[in-house]
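Student: Sharing protein18.pdb (PDB, C-alpha atoms (C1' of nucleotides)) below.
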ATOM      1  CA  MET A 265     -42.510 192.392 -33.592
ATOM      2  CA  LYS A 266     -45.609 193.513 -35.386
ATOM      3  CA  GLU A 267     -46.883 189.972 -35.862
ATOM      4  CA  LYS A 268     -50.428 189.096 -34.948
ATOM      5  CA  LYS A 269     -51.260 185.663 -33.594
ATOM      6  CA  GLU A 270     -51.693 183.312 -36.527
ATOM      7  CA  ILE A 271     -53.026 180.370 -34.603
ATOM      8  CA  GLU A 272     -56.618 180.505 -33.495
ATOM      9  CA  ASN A 273     -56.795 179.834 -29.805
ATOM     10  CA  PHE A 274     -60.276 178.737 -29.058
ATOM     11  CA  ARG A 275     -61.404 179.369 -25.519
ATOM     12  CA  SER A 276     -62.996 175.953 -25.294
ATOM     13  CA  ASN A 277     -64.248 173.027 -27.340
ATOM     14  CA  CYS A 278     -67.777 174.392 -27.268
ATOM     15  CA  PRO A 279     -68.929 175.037 -30.841
ATOM     16  CA  LEU A 280     -70.669 178.245 -29.852
ATOM     17  CA  SER A 281     -67.603 179.539 -28.078
ATOM     18  CA  ALA A 282     -65.429 178.649 -31.066
ATOM     19  CA  SER A 283     -67.598 180.461 -33.577
ATOM     20  CA  LEU A 284     -67.797 183.470 -31.278
ATOM     21  CA  ASP A 285     -64.004 183.462 -31.174
ATOM     22  CA  LEU A 286     -64.167 183.992 -34.934
ATOM     23  CA  PHE A 287     -67.307 186.070 -35.441
ATOM     24  CA  GLY A 288     -68.195 187.458 -32.019
ATOM     25  CA  ASP A 289     -67.826 191.167 -32.553
ATOM     26  CA  LYS A 290     -69.834 194.064 -33.880
ATOM     27  CA  TRP A 291     -68.452 194.175 -37.421
ATOM     28  CA  THR A 292     -67.564 190.798 -38.880
ATOM     29  CA  LEU A 293     -71.076 189.595 -39.607
ATOM     30  CA  LEU A 294     -72.010 192.973 -41.076
ATOM     31  CA  ILE A 295     -69.292 192.515 -43.674
ATOM     32  CA  ILE A 296     -70.697 189.057 -44.424
ATOM     33  CA  ARG A 297     -74.164 190.598 -44.658
ATOM     34  CA  ASP A 298     -73.062 192.996 -47.384
ATOM     35  CA  LEU A 299     -71.645 190.114 -49.363
ATOM     36  CA  ILE A 300     -74.858 188.141 -48.956
ATOM     37  CA  PHE A 301     -76.974 190.953 -50.324
ATOM     38  CA  TYR A 302     -74.618 192.230 -53.019
ATOM     39  CA  LYS A 303     -72.577 189.094 -53.893
ATOM     40  CA  GLU A 304     -69.482 191.186 -54.688
ATOM     41  CA  ARG A 305     -68.008 194.145 -52.827
ATOM     42  CA  THR A 306     -64.905 196.306 -52.933
ATOM     43  CA  PHE A 307     -63.187 197.952 -49.990
ATOM     44  CA  LYS A 308     -64.943 201.162 -50.788
ATOM     45  CA  ASP A 309     -68.351 199.501 -51.080
ATOM     46  CA  PHE A 310     -67.975 198.082 -47.575
ATOM     47  CA  SER A 311     -66.865 201.380 -46.149
ATOM     48  CA  LEU A 312     -70.000 203.071 -47.490
ATOM     49  CA  ALA A 313     -72.306 200.786 -45.466
ATOM     50  CA  LYS A 314     -74.557 202.790 -43.191
ATOM     51  CA  GLU A 315     -73.007 201.591 -39.925
ATOM     52  CA  ASN A 316     -69.821 203.535 -40.710
ATOM     53  CA  ILE A 317     -66.983 201.148 -40.131
ATOM     54  CA  SER A 318     -63.565 202.760 -39.891
ATOM     55  CA  SER A 319     -61.077 201.877 -42.604
ATOM     56  CA  SER A 320     -58.596 200.407 -40.146
ATOM     57  CA  ARG A 321     -61.236 198.112 -38.694
ATOM     58  CA  LEU A 322     -62.480 197.140 -42.130
ATOM     59  CA  ALA A 323     -58.984 196.306 -43.358
ATOM     60  CA  ASP A 324     -58.368 194.204 -40.280
ATOM     61  CA  ARG A 325     -61.621 192.254 -40.627
ATOM     62  CA  LEU A 326     -61.248 191.672 -44.353
ATOM     63  CA  SER A 327     -57.803 190.189 -43.929
ATOM     64  CA  LYS A 328     -59.002 187.957 -41.098
ATOM     65  CA  LEU A 329     -61.950 186.715 -43.127
ATOM     66  CA  GLU A 330     -59.778 186.054 -46.122
ATOM     67  CA  LYS A 331     -57.296 184.101 -43.996
ATOM     68  CA  LEU A 332     -60.214 182.092 -42.638
ATOM     69  CA  ASN A 333     -61.315 181.312 -46.198
ATOM     70  CA  VAL A 334     -64.710 182.769 -45.532
ATOM     71  CA  MET A 335     -64.191 185.088 -48.482
ATOM     72  CA  THR A 336     -61.919 185.415 -51.472
ATOM     73  CA  LYS A 337     -60.104 188.512 -52.699
ATOM     74  CA  THR A 338     -59.529 188.732 -56.421
ATOM     75  CA  ASN A 339     -58.441 191.364 -58.876
ATOM     76  CA  HIS A 340     -60.915 193.589 -60.570
ATOM     77  CA  PRO A 341     -61.092 192.654 -64.283
ATOM     78  CA  THR A 342     -60.091 196.108 -65.558
ATOM     79  CA  ASN A 343     -58.983 198.212 -62.585
ATOM     80  CA  LYS A 344     -55.691 197.115 -61.045
ATOM     81  CA  LYS A 345     -56.205 199.134 -57.901
ATOM     82  CA  VAL A 346     -59.505 197.497 -56.954
ATOM     83  CA  PHE A 347     -60.129 194.106 -55.384
ATOM     84  CA  ILE A 348     -63.313 192.096 -55.414
ATOM     85  CA  TYR A 349     -64.421 190.277 -52.299
ATOM     86  CA  LYS A 350     -66.813 187.315 -52.513
ATOM     87  CA  LEU A 351     -68.104 184.707 -50.111
ATOM     88  CA  THR A 352     -66.877 181.148 -50.282
ATOM     89  CA  GLN A 353     -69.116 178.227 -49.341
ATOM     90  CA  LYS A 354     -67.752 178.571 -45.816
ATOM     91  CA  GLY A 355     -68.988 182.149 -45.805
ATOM     92  CA  LEU A 356     -72.312 181.371 -47.449
ATOM     93  CA  ASP A 357     -72.934 178.872 -44.677
ATOM     94  CA  LEU A 358     -73.072 181.761 -42.217
ATOM     95  CA  ILE A 359     -76.333 182.870 -43.815
ATOM     96  CA  PRO A 360     -78.575 180.879 -41.438
ATOM     97  CA  ILE A 361     -76.948 182.559 -38.440
ATOM     98  CA  ILE A 362     -77.563 185.975 -39.915
ATOM     99  CA  ALA A 363     -81.128 185.024 -40.844
ATOM    100  CA  GLU A 364     -81.845 184.042 -37.253
ATOM    101  CA  PHE A 365     -80.329 187.245 -35.877
ATOM    102  CA  MET A 366     -82.533 189.204 -38.246
ATOM    103  CA  ASN A 367     -85.552 187.187 -37.238
ATOM    104  CA  TRP A 368     -84.952 187.871 -33.552
ATOM    105  CA  SER A 369     -84.694 191.589 -34.219
ATOM    106  CA  TYR A 370     -87.815 191.437 -36.324
ATOM    107  CA  VAL A 371     -89.698 190.040 -33.334
ATOM    108  CA  TYR A 372     -88.187 192.080 -30.514
ATOM    109  CA  LEU A 373     -86.880 195.276 -32.095
ATOM    110  CA  ASN A 374     -89.468 195.614 -34.816
ATOM    111  CA  GLU A 375     -89.906 199.372 -34.606
ATOM    112  CA  HIS A 376     -86.167 199.860 -35.094
ATOM    113  CA  VAL A 377     -86.075 197.763 -38.268
ATOM    114  CA  SER A 378     -86.421 199.214 -41.760
ATOM    115  CA  GLU A 379     -89.417 198.349 -43.884
ATOM    116  CA  LYS A 380     -87.231 196.706 -46.495
ATOM    117  CA  SER A 381     -85.584 194.428 -43.936
ATOM    118  CA  ARG A 382     -88.957 193.542 -42.493
ATOM    119  CA  GLU A 383     -90.095 192.314 -45.875
ATOM    120  CA  ILE A 384     -87.092 190.051 -46.188
ATOM    121  CA  VAL A 385     -87.642 188.644 -42.719
ATOM    122  CA  GLU A 386     -91.330 188.131 -43.405
ATOM    123  CA  ALA A 387     -90.451 186.100 -46.476
ATOM    124  CA  TYR A 388     -87.987 184.112 -44.390
ATOM    125  CA  ARG A 389     -90.568 183.442 -41.696
ATOM    126  CA  LYS A 390     -93.080 182.190 -44.258
ATOM    127  CA  ASN A 391     -90.638 179.909 -46.042
ATOM    128  CA  PRO A 392     -87.198 179.815 -44.436
ATOM    129  CA  LYS A 393     -85.727 177.157 -46.700
ATOM    130  CA  ALA A 394     -86.719 178.981 -49.878
ATOM    131  CA  VAL A 395     -85.189 182.250 -48.730
ATOM    132  CA  LEU A 396     -81.995 180.574 -47.545
ATOM    133  CA  THR A 397     -81.672 178.769 -50.862
ATOM    134  CA  ARG A 398     -82.179 181.991 -52.755
ATOM    135  CA  PHE A 399     -79.473 183.834 -50.848
ATOM    136  CA  LYS A 400     -77.043 180.931 -50.967
ATOM    137  CA  GLN A 401     -77.249 181.057 -54.748
ATOM    138  CA  GLN A 402     -74.142 182.776 -56.026
TER     139      GLN A 402
ATOM    140  CA  MET B  53     -70.068 210.613 -13.734
ATOM    141  CA  LYS B  54     -69.945 206.834 -13.528
ATOM    142  CA  GLU B  55     -73.161 206.438 -15.493
ATOM    143  CA  LYS B  56     -73.289 204.100 -18.448
ATOM    144  CA  LYS B  57     -75.458 204.918 -21.423
ATOM    145  CA  GLU B  58     -78.969 203.706 -20.676
ATOM    146  CA  ILE B  59     -80.422 204.237 -24.118
ATOM    147  CA  GLU B  60     -79.571 201.715 -26.775
ATOM    148  CA  ASN B  61     -78.167 203.515 -29.747
ATOM    149  CA  PHE B  62     -78.468 201.229 -32.688
ATOM    150  CA  ARG B  63     -75.946 201.858 -35.437
ATOM    151  CA  SER B  64     -78.578 201.449 -38.107
ATOM    152  CA  ASN B  65     -82.049 200.118 -38.789
ATOM    153  CA  CYS B  66     -80.632 196.854 -40.095
ATOM    154  CA  PRO B  67     -81.934 193.997 -37.953
ATOM    155  CA  LEU B  68     -78.572 192.250 -38.002
ATOM    156  CA  SER B  69     -76.755 195.366 -36.948
ATOM    157  CA  ALA B  70     -79.266 195.953 -34.152
ATOM    158  CA  SER B  71     -78.937 192.471 -32.712
ATOM    159  CA  LEU B  72     -75.161 192.695 -32.933
ATOM    160  CA  ASP B  73     -75.382 195.926 -30.954
ATOM    161  CA  LEU B  74     -76.951 193.833 -28.207
ATOM    162  CA  PHE B  75     -75.270 190.446 -28.542
ATOM    163  CA  GLY B  76     -72.197 191.043 -30.700
ATOM    164  CA  ASP B  77     -69.388 190.181 -28.339
ATOM    165  CA  LYS B  78     -67.535 187.136 -27.092
ATOM    166  CA  TRP B  79     -69.441 186.563 -23.850
ATOM    167  CA  THR B  80     -73.124 187.415 -24.017
ATOM    168  CA  LEU B  81     -74.275 184.394 -25.997
ATOM    169  CA  LEU B  82     -72.172 182.084 -23.841
ATOM    170  CA  ILE B  83     -74.148 183.214 -20.818
ATOM    171  CA  ILE B  84     -77.346 182.513 -22.721
ATOM    172  CA  ARG B  85     -75.948 179.115 -23.691
ATOM    173  CA  ASP B  86     -75.483 178.130 -20.064
ATOM    174  CA  LEU B  87     -79.073 179.058 -19.329
ATOM    175  CA  ILE B  88     -80.278 177.030 -22.305
ATOM    176  CA  PHE B  89     -78.512 173.911 -21.133
ATOM    177  CA  TYR B  90     -79.056 174.270 -17.392
ATOM    178  CA  LYS B  91     -82.304 176.313 -17.210
ATOM    179  CA  GLU B  92     -81.201 178.032 -13.996
ATOM    180  CA  ARG B  93     -77.831 179.457 -13.021
ATOM    181  CA  THR B  94     -76.268 181.482 -10.254
ATOM    182  CA  PHE B  95     -73.419 183.954 -10.561
ATOM    183  CA  LYS B  96     -71.034 181.297  -9.368
ATOM    184  CA  ASP B  97     -72.343 178.710 -11.805
ATOM    185  CA  PHE B  98     -71.681 181.072 -14.709
ATOM    186  CA  SER B  99     -68.212 181.888 -13.491
ATOM    187  CA  LEU B 100     -67.308 178.193 -13.432
ATOM    188  CA  ALA B 101     -67.979 177.806 -17.180
ATOM    189  CA  LYS B 102     -64.905 176.530 -18.997
ATOM    190  CA  GLU B 103     -64.268 179.715 -20.977
ATOM    191  CA  ASN B 104     -63.275 181.521 -17.760
ATOM    192  CA  ILE B 105     -65.186 184.764 -17.813
ATOM    193  CA  SER B 106     -63.924 187.361 -15.366
ATOM    194  CA  SER B 107     -66.283 188.354 -12.591
ATOM    195  CA  SER B 108     -66.363 191.974 -13.679
ATOM    196  CA  ARG B 109     -67.357 191.030 -17.207
ATOM    197  CA  LEU B 110     -69.926 188.566 -15.951
ATOM    198  CA  ALA B 111     -71.512 191.104 -13.650
ATOM    199  CA  ASP B 112     -71.679 193.617 -16.459
ATOM    200  CA  ARG B 113     -73.282 191.197 -18.910
ATOM    201  CA  LEU B 114     -75.795 189.843 -16.425
ATOM    202  CA  SER B 115     -77.041 193.300 -15.583
ATOM    203  CA  LYS B 116     -77.327 194.221 -19.255
ATOM    204  CA  LEU B 117     -79.245 191.053 -20.060
ATOM    205  CA  GLU B 118     -81.559 191.575 -17.147
ATOM    206  CA  LYS B 119     -82.231 195.160 -18.216
ATOM    207  CA  LEU B 120     -82.987 193.865 -21.696
ATOM    208  CA  ASN B 121     -85.473 191.386 -20.224
ATOM    209  CA  VAL B 122     -83.653 188.523 -21.814
ATOM    210  CA  MET B 123     -83.343 186.963 -18.373
ATOM    211  CA  THR B 124     -84.838 187.325 -14.928
ATOM    212  CA  LYS B 125     -83.023 187.507 -11.618
ATOM    213  CA  THR B 126     -84.887 186.137  -8.623
ATOM    214  CA  ASN B 127     -84.050 185.227  -5.060
ATOM    215  CA  HIS B 128     -82.931 181.773  -4.133
ATOM    216  CA  PRO B 129     -85.708 180.076  -2.117
ATOM    217  CA  THR B 130     -83.573 179.493   0.985
ATOM    218  CA  ASN B 131     -80.261 181.342   0.551
ATOM    219  CA  LYS B 132     -80.580 185.126   0.717
ATOM    220  CA  LYS B 133     -77.156 185.721  -0.768
ATOM    221  CA  VAL B 134     -77.814 183.788  -3.979
ATOM    222  CA  PHE B 135     -79.774 184.845  -7.058
ATOM    223  CA  ILE B 136     -81.261 182.626  -9.715
ATOM    224  CA  TYR B 137     -81.020 183.663 -13.354
ATOM    225  CA  LYS B 138     -83.467 182.253 -15.923
ATOM    226  CA  LEU B 139     -84.260 182.974 -19.547
ATOM    227  CA  THR B 140     -87.427 184.784 -20.511
ATOM    228  CA  GLN B 141     -89.209 184.068 -23.772
ATOM    229  CA  LYS B 142     -87.112 186.844 -25.302
ATOM    230  CA  GLY B 143     -84.024 184.952 -24.237
ATOM    231  CA  LEU B 144     -85.327 181.544 -25.280
ATOM    232  CA  ASP B 145     -85.881 182.976 -28.731
ATOM    233  CA  LEU B 146     -82.120 183.362 -29.089
ATOM    234  CA  ILE B 147     -81.818 179.568 -29.213
ATOM    235  CA  PRO B 148     -82.053 179.325 -33.019
ATOM    236  CA  ILE B 149     -79.142 181.746 -33.388
ATOM    237  CA  ILE B 150     -77.031 179.680 -31.034
ATOM    238  CA  ALA B 151     -78.071 176.473 -32.778
ATOM    239  CA  GLU B 152     -76.914 177.864 -36.118
ATOM    240  CA  PHE B 153     -73.592 179.033 -34.698
ATOM    241  CA  MET B 154     -73.065 175.555 -33.284
ATOM    242  CA  ASN B 155     -74.002 173.991 -36.593
ATOM    243  CA  TRP B 156     -71.493 176.130 -38.476
ATOM    244  CA  SER B 157     -68.731 175.118 -36.075
ATOM    245  CA  TYR B 158     -69.786 171.507 -36.373
ATOM    246  CA  VAL B 159     -69.219 171.715 -40.118
ATOM    247  CA  TYR B 160     -66.096 173.864 -40.245
ATOM    248  CA  LEU B 161     -64.360 173.410 -36.902
ATOM    249  CA  ASN B 162     -65.355 169.829 -36.252
ATOM    250  CA  GLU B 163     -62.059 168.665 -34.815
ATOM    251  CA  HIS B 164     -62.182 171.450 -32.213
ATOM    252  CA  VAL B 165     -65.657 170.493 -31.019
ATOM    253  CA  SER B 166     -66.295 168.142 -28.102
ATOM    254  CA  GLU B 167     -67.940 164.799 -28.671
ATOM    255  CA  LYS B 168     -70.893 165.764 -26.490
ATOM    256  CA  SER B 169     -71.529 168.939 -28.479
ATOM    257  CA  ARG B 170     -71.262 167.026 -31.719
ATOM    258  CA  GLU B 171     -74.027 164.720 -30.606
ATOM    259  CA  ILE B 172     -76.306 167.634 -29.866
ATOM    260  CA  VAL B 173     -75.581 169.210 -33.234
ATOM    261  CA  GLU B 174     -76.128 165.910 -34.998
ATOM    262  CA  ALA B 175     -79.543 165.628 -33.401
ATOM    263  CA  TYR B 176     -80.251 169.200 -34.473
ATOM    264  CA  ARG B 177     -79.194 168.491 -38.046
ATOM    265  CA  LYS B 178     -81.441 165.448 -38.228
ATOM    266  CA  ASN B 179     -84.485 167.165 -36.811
ATOM    267  CA  PRO B 180     -83.960 170.873 -36.128
ATOM    268  CA  LYS B 181     -87.500 171.644 -35.052
ATOM    269  CA  ALA B 182     -87.615 168.828 -32.519
ATOM    270  CA  VAL B 183     -84.366 169.891 -30.895
ATOM    271  CA  LEU B 184     -85.359 173.547 -30.809
ATOM    272  CA  THR B 185     -88.681 172.643 -29.223
ATOM    273  CA  ARG B 186     -86.965 170.515 -26.628
ATOM    274  CA  PHE B 187     -84.581 173.285 -25.606
ATOM    275  CA  LYS B 188     -87.267 175.962 -25.605
ATOM    276  CA  GLN B 189     -89.174 173.911 -23.061
ATOM    277  CA  GLN B 190     -88.615 175.452 -19.648
TER     278      GLN B 190
ATOM    279  C1'  DA C 168     -49.035 216.585 -66.029
ATOM    280  C1'  DA C 169     -52.142 217.378 -62.405
ATOM    281  C1'  DT C 170     -56.000 215.647 -59.856
ATOM    282  C1'  DT C 171     -58.796 212.150 -58.073
ATOM    283  C1'  DT C 172     -59.788 207.556 -56.609
ATOM    284  C1'  DT C 173     -58.966 203.335 -54.248
ATOM    285  C1'  DA C 174     -57.096 200.499 -50.824
ATOM    286  C1'  DC C 175     -55.175 200.513 -47.549
ATOM    287  C1'  DT C 176     -51.612 201.922 -43.111
ATOM    288  C1'  DT C 177     -50.333 204.718 -39.285
ATOM    289  C1'  DT C 178     -51.061 207.328 -35.285
ATOM    290  C1'  DC C 179     -53.163 208.404 -31.130
ATOM    291  C1'  DA C 180     -56.820 209.214 -27.810
ATOM    292  C1'  DT C 181     -60.609 206.695 -25.876
ATOM    293  C1'  DT C 182     -62.995 202.583 -24.624
ATOM    294  C1'  DT C 183     -63.187 197.833 -23.434
ATOM    295  C1'  DT C 184     -61.319 193.924 -21.420
ATOM    296  C1'  DA C 185     -58.773 190.574 -18.345
ATOM    297  C1'  DG C 186     -57.082 189.466 -14.198
ATOM    298  C1'  DA C 187     -56.307 190.179  -9.620
ATOM    299  C1'  DA C 188     -57.640 191.883  -5.361
ATOM    300  C1'  DG C 189     -61.029 193.714  -2.348
ATOM    301  C1'  DT C 190     -65.683 194.090   0.040
ATOM    302  C1'  DA C 191     -69.748 193.005   2.472
ATOM    303  C1'  DA C 192     -73.438 190.257   3.763
ATOM    304  C1'  DA C 193     -75.126 185.732   4.577
ATOM    305  C1'  DA C 194     -74.324 180.914   5.587
ATOM    306  C1'  DA C 195     -71.839 177.262   7.587
ATOM    307  C1'  DA C 196     -68.656 175.423  10.747
ATOM    308  C1'  DT C 197     -66.653 175.281  15.195
TER     309       DT C 197
ATOM    310  C1'  DA D 178     -71.302 183.022  19.888
ATOM    311  C1'  DT D 179     -67.403 183.499  17.089
ATOM    312  C1'  DT D 180     -64.658 182.399  13.280
ATOM    313  C1'  DT D 181     -64.411 180.804   8.640
ATOM    314  C1'  DT D 182     -66.224 180.189   4.229
ATOM    315  C1'  DT D 183     -69.188 181.216   0.469
ATOM    316  C1'  DT D 184     -71.490 184.128  -2.732
ATOM    317  C1'  DA D 185     -72.146 188.047  -5.475
ATOM    318  C1'  DC D 186     -70.478 191.239  -6.653
ATOM    319  C1'  DT D 187     -67.069 196.002  -7.109
ATOM    320  C1'  DT D 188     -62.735 198.237  -7.767
ATOM    321  C1'  DC D 189     -58.344 198.805  -9.720
ATOM    322  C1'  DT D 190     -54.932 198.731 -13.223
ATOM    323  C1'  DA D 191     -52.369 197.167 -17.191
ATOM    324  C1'  DA D 192     -53.145 195.537 -21.707
ATOM    325  C1'  DA D 193     -55.799 195.116 -25.801
ATOM    326  C1'  DA D 194     -59.260 196.718 -29.021
ATOM    327  C1'  DT D 195     -61.517 200.439 -31.160
ATOM    328  C1'  DG D 196     -62.692 204.928 -33.654
ATOM    329  C1'  DA D 197     -61.429 208.835 -35.926
ATOM    330  C1'  DA D 198     -58.418 211.312 -38.445
ATOM    331  C1'  DA D 199     -54.560 211.787 -41.255
ATOM    332  C1'  DG D 200     -51.208 209.868 -44.307
ATOM    333  C1'  DT D 201     -49.397 207.005 -48.313
ATOM    334  C1'  DA D 202     -48.782 205.107 -52.754
ATOM    335  C1'  DA D 203     -50.164 203.285 -56.948
ATOM    336  C1'  DA D 204     -53.477 203.429 -60.549
ATOM    337  C1'  DA D 205     -57.072 205.776 -63.040
ATOM    338  C1'  DT D 206     -59.100 209.835 -64.732
ATOM    339  C1'  DT D 207     -59.095 214.523 -66.301
TER     340       DT D 207
END
Can you dump the structure from the file as structure tokens?
Tutor:
Amino acid sequence: MKEKKEIENFRSNCPLSASLDLFGDKWTLLIIRDLIFYKERTFKDFSLAKENISSSRLADRLSKLEKLNVMTKTNHPTNKKVFIYKLTQKGLDLIPIIAEFMNWSYVYLNEHVSEKSREIVEAYRKNPKAVLTRFKQQ
Amino acid sequence: MKEKKEIENFRSNCPLSASLDLFGDKWTLLIIRDLIFYKERTFKDFSLAKENISSSRLADRLSKLEKLNVMTKTNHPTNKKVFIYKLTQKGLDLIPIIAEFMNWSYVYLNEHVSEKSREIVEAYRKNPKAVLTRFKQQ
DNA sequence: AATTTTACTTTCATTTTAGAAGTAAAAAAT
DNA sequence: ATTTTTTACTTCTAAAATGAAAGTAAAATT
């Protein structure tokens, strides 16, 4: 019996609680982040992110996100060993959540935030809709 | 040695990563949610929330959030045994994150979301700023 | 043909969590 | 005044999740 639970058991009918059941951990949204900024990623690309996710955790999260239809996994055009992960619309619609997390950190953890990230958040604060639209473009 | 780490070690200087270091779990934002909707809560109030948090987890999260200055803990005016938890500005500024999580669930998990929550999200979708302003009012 | 790369899986020690039970002070009831 | 209940936790322990390291197997490169 090596089966994982296939059915999502939400703790309640609260929409916050339900989305935390899916995304409430330290890694899932970071994987989404990489796909937002790079559009396409391979397993190796993800594992090179600076937060240092372990390969077992990464594999687990990727398969969950694919099952959820938040991302797709397709073959690399020339290399049979490599797979390309991309966000679906369902995944792209997580962008506003991530934008607001980044904005909060910009305000309250500013000194811990890289210059490059600050610039993105500053653009978002000036014109949130424009920045969201830009990143939702695939 | 029963000490917990006092210093926040952020995994990276990414603002998303940093906020997930603080809020990336299944319970923390639910505690914030209760304070958004009820303004003031006691330990018991929190533990009666429908997601059924255990008292040990609740105690742990409340002390972390207080240390972070996301909420305050003050004495009850008449009952010495009871403490009142309230959001600070730092905590109130998490509202947009929660609103966006709720919005995502509204779109993609609609059938799992209560009628009452749907109404709130619908109001938010019609006029996000107005709803945010209303909930930020203390 | 040998080596390297990629995408994982497996293993295991450590950490986190859930759930139940316990504690202690204050408040309420008798 | 004494007992009971309430509140806000803490403690304990089994189970689950995690991190780190090592292993695997097929494909690509040398």
Student: Please report the interatomic distance between atom CA of B:Leu184 and atom CA of B:Phe89 in Å with one decimal.
Tutor: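 Between atom CA of B:Leu184 and atom CA of B:Phe89 the gap works out to 11.9 Å.
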Student: Please identify all polymer residues within 9 Å of A:Ser281, counting all atoms listed in the file, omitting same-chain residues fewer than 2 positions from it, and present them as an mmCIF file with C-alpha atoms, in the coordinates of the input.
Tutor:
data_model
loop_
_atom_site.group_PDB
_atom_site.id
_atom_site.type_symbol
_atom_site.label_atom_id
_atom_site.label_comp_id
_atom_site.auth_asym_id
_atom_site.auth_seq_id
_atom_site.Cartn_x
_atom_site.Cartn_y
_atom_site.Cartn_z
ATOM 1 C CA PHE A 274 -60.276 178.737 -29.058
ATOM 2 C CA ARG A 275 -61.404 179.369 -25.519
ATOM 3 C CA SER A 276 -62.996 175.953 -25.294
ATOM 4 C CA ASN A 277 -64.248 173.027 -27.340
ATOM 5 C CA CYS A 278 -67.777 174.392 -27.268
ATOM 6 C CA PRO A 279 -68.929 175.037 -30.841
ATOM 7 C CA SER A 283 -67.598 180.461 -33.577
ATOM 8 C CA LEU A 284 -67.797 183.470 -31.278
ATOM 9 C CA ASP A 285 -64.004 183.462 -31.174
ATOM 10 C CA LEU A 286 -64.167 183.992 -34.934
ATOM 11 C CA GLY A 288 -68.195 187.458 -32.019
ATOM 12 C CA LYS B 78 -67.535 187.136 -27.092
ATOM 13 C CA TRP B 79 -69.441 186.563 -23.850
ATOM 14 C CA LEU B 81 -74.275 184.394 -25.997
ATOM 15 C CA LEU B 82 -72.172 182.084 -23.841
ATOM 16 C CA GLU B 103 -64.268 179.715 -20.977
ATOM 17 C CA PHE B 153 -73.592 179.033 -34.698
ATOM 18 C CA MET B 154 -73.065 175.555 -33.284
#
Student: Near chain A, meaning an atom within 9 Å, which residues of chain D appear when counting all atoms listed in the file? Write them as a PyMOL selection string.
Tutor: chain D and resi 195-197+203-205
Student: Separation of atom CA of A:His340 and atom CA of A:Glu304, in Å?
Tutor: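 Computed distance, atom CA of A:His340 to atom CA of A:Glu304, equals 10.7 Å.
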Student: Within 10 Å of chain A, which residues of chain C are there when counting only C-alpha atoms (C1' of nucleotides)? Please give them as a list in words.
Tutor: DT172, DT173, DA174, DC175, DT176 and DT177 of chain C
Student: For C:DA194, which residue among D:DA199, D:DT206, D:DT188, D:DT183 is the nearest when counting all atoms listed in the file?
Tutor: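 Counting all atoms listed in the file, the residue closest to C:DA194 is D:DT183.
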Student: Taking (-70.3, 172.6, -44.7) in the file's own coordinates, collect the residues within 9 Å, counting only C-alpha atoms (C1' of nucleotides), and hand them back as a count of residues only.
Tutor: 7
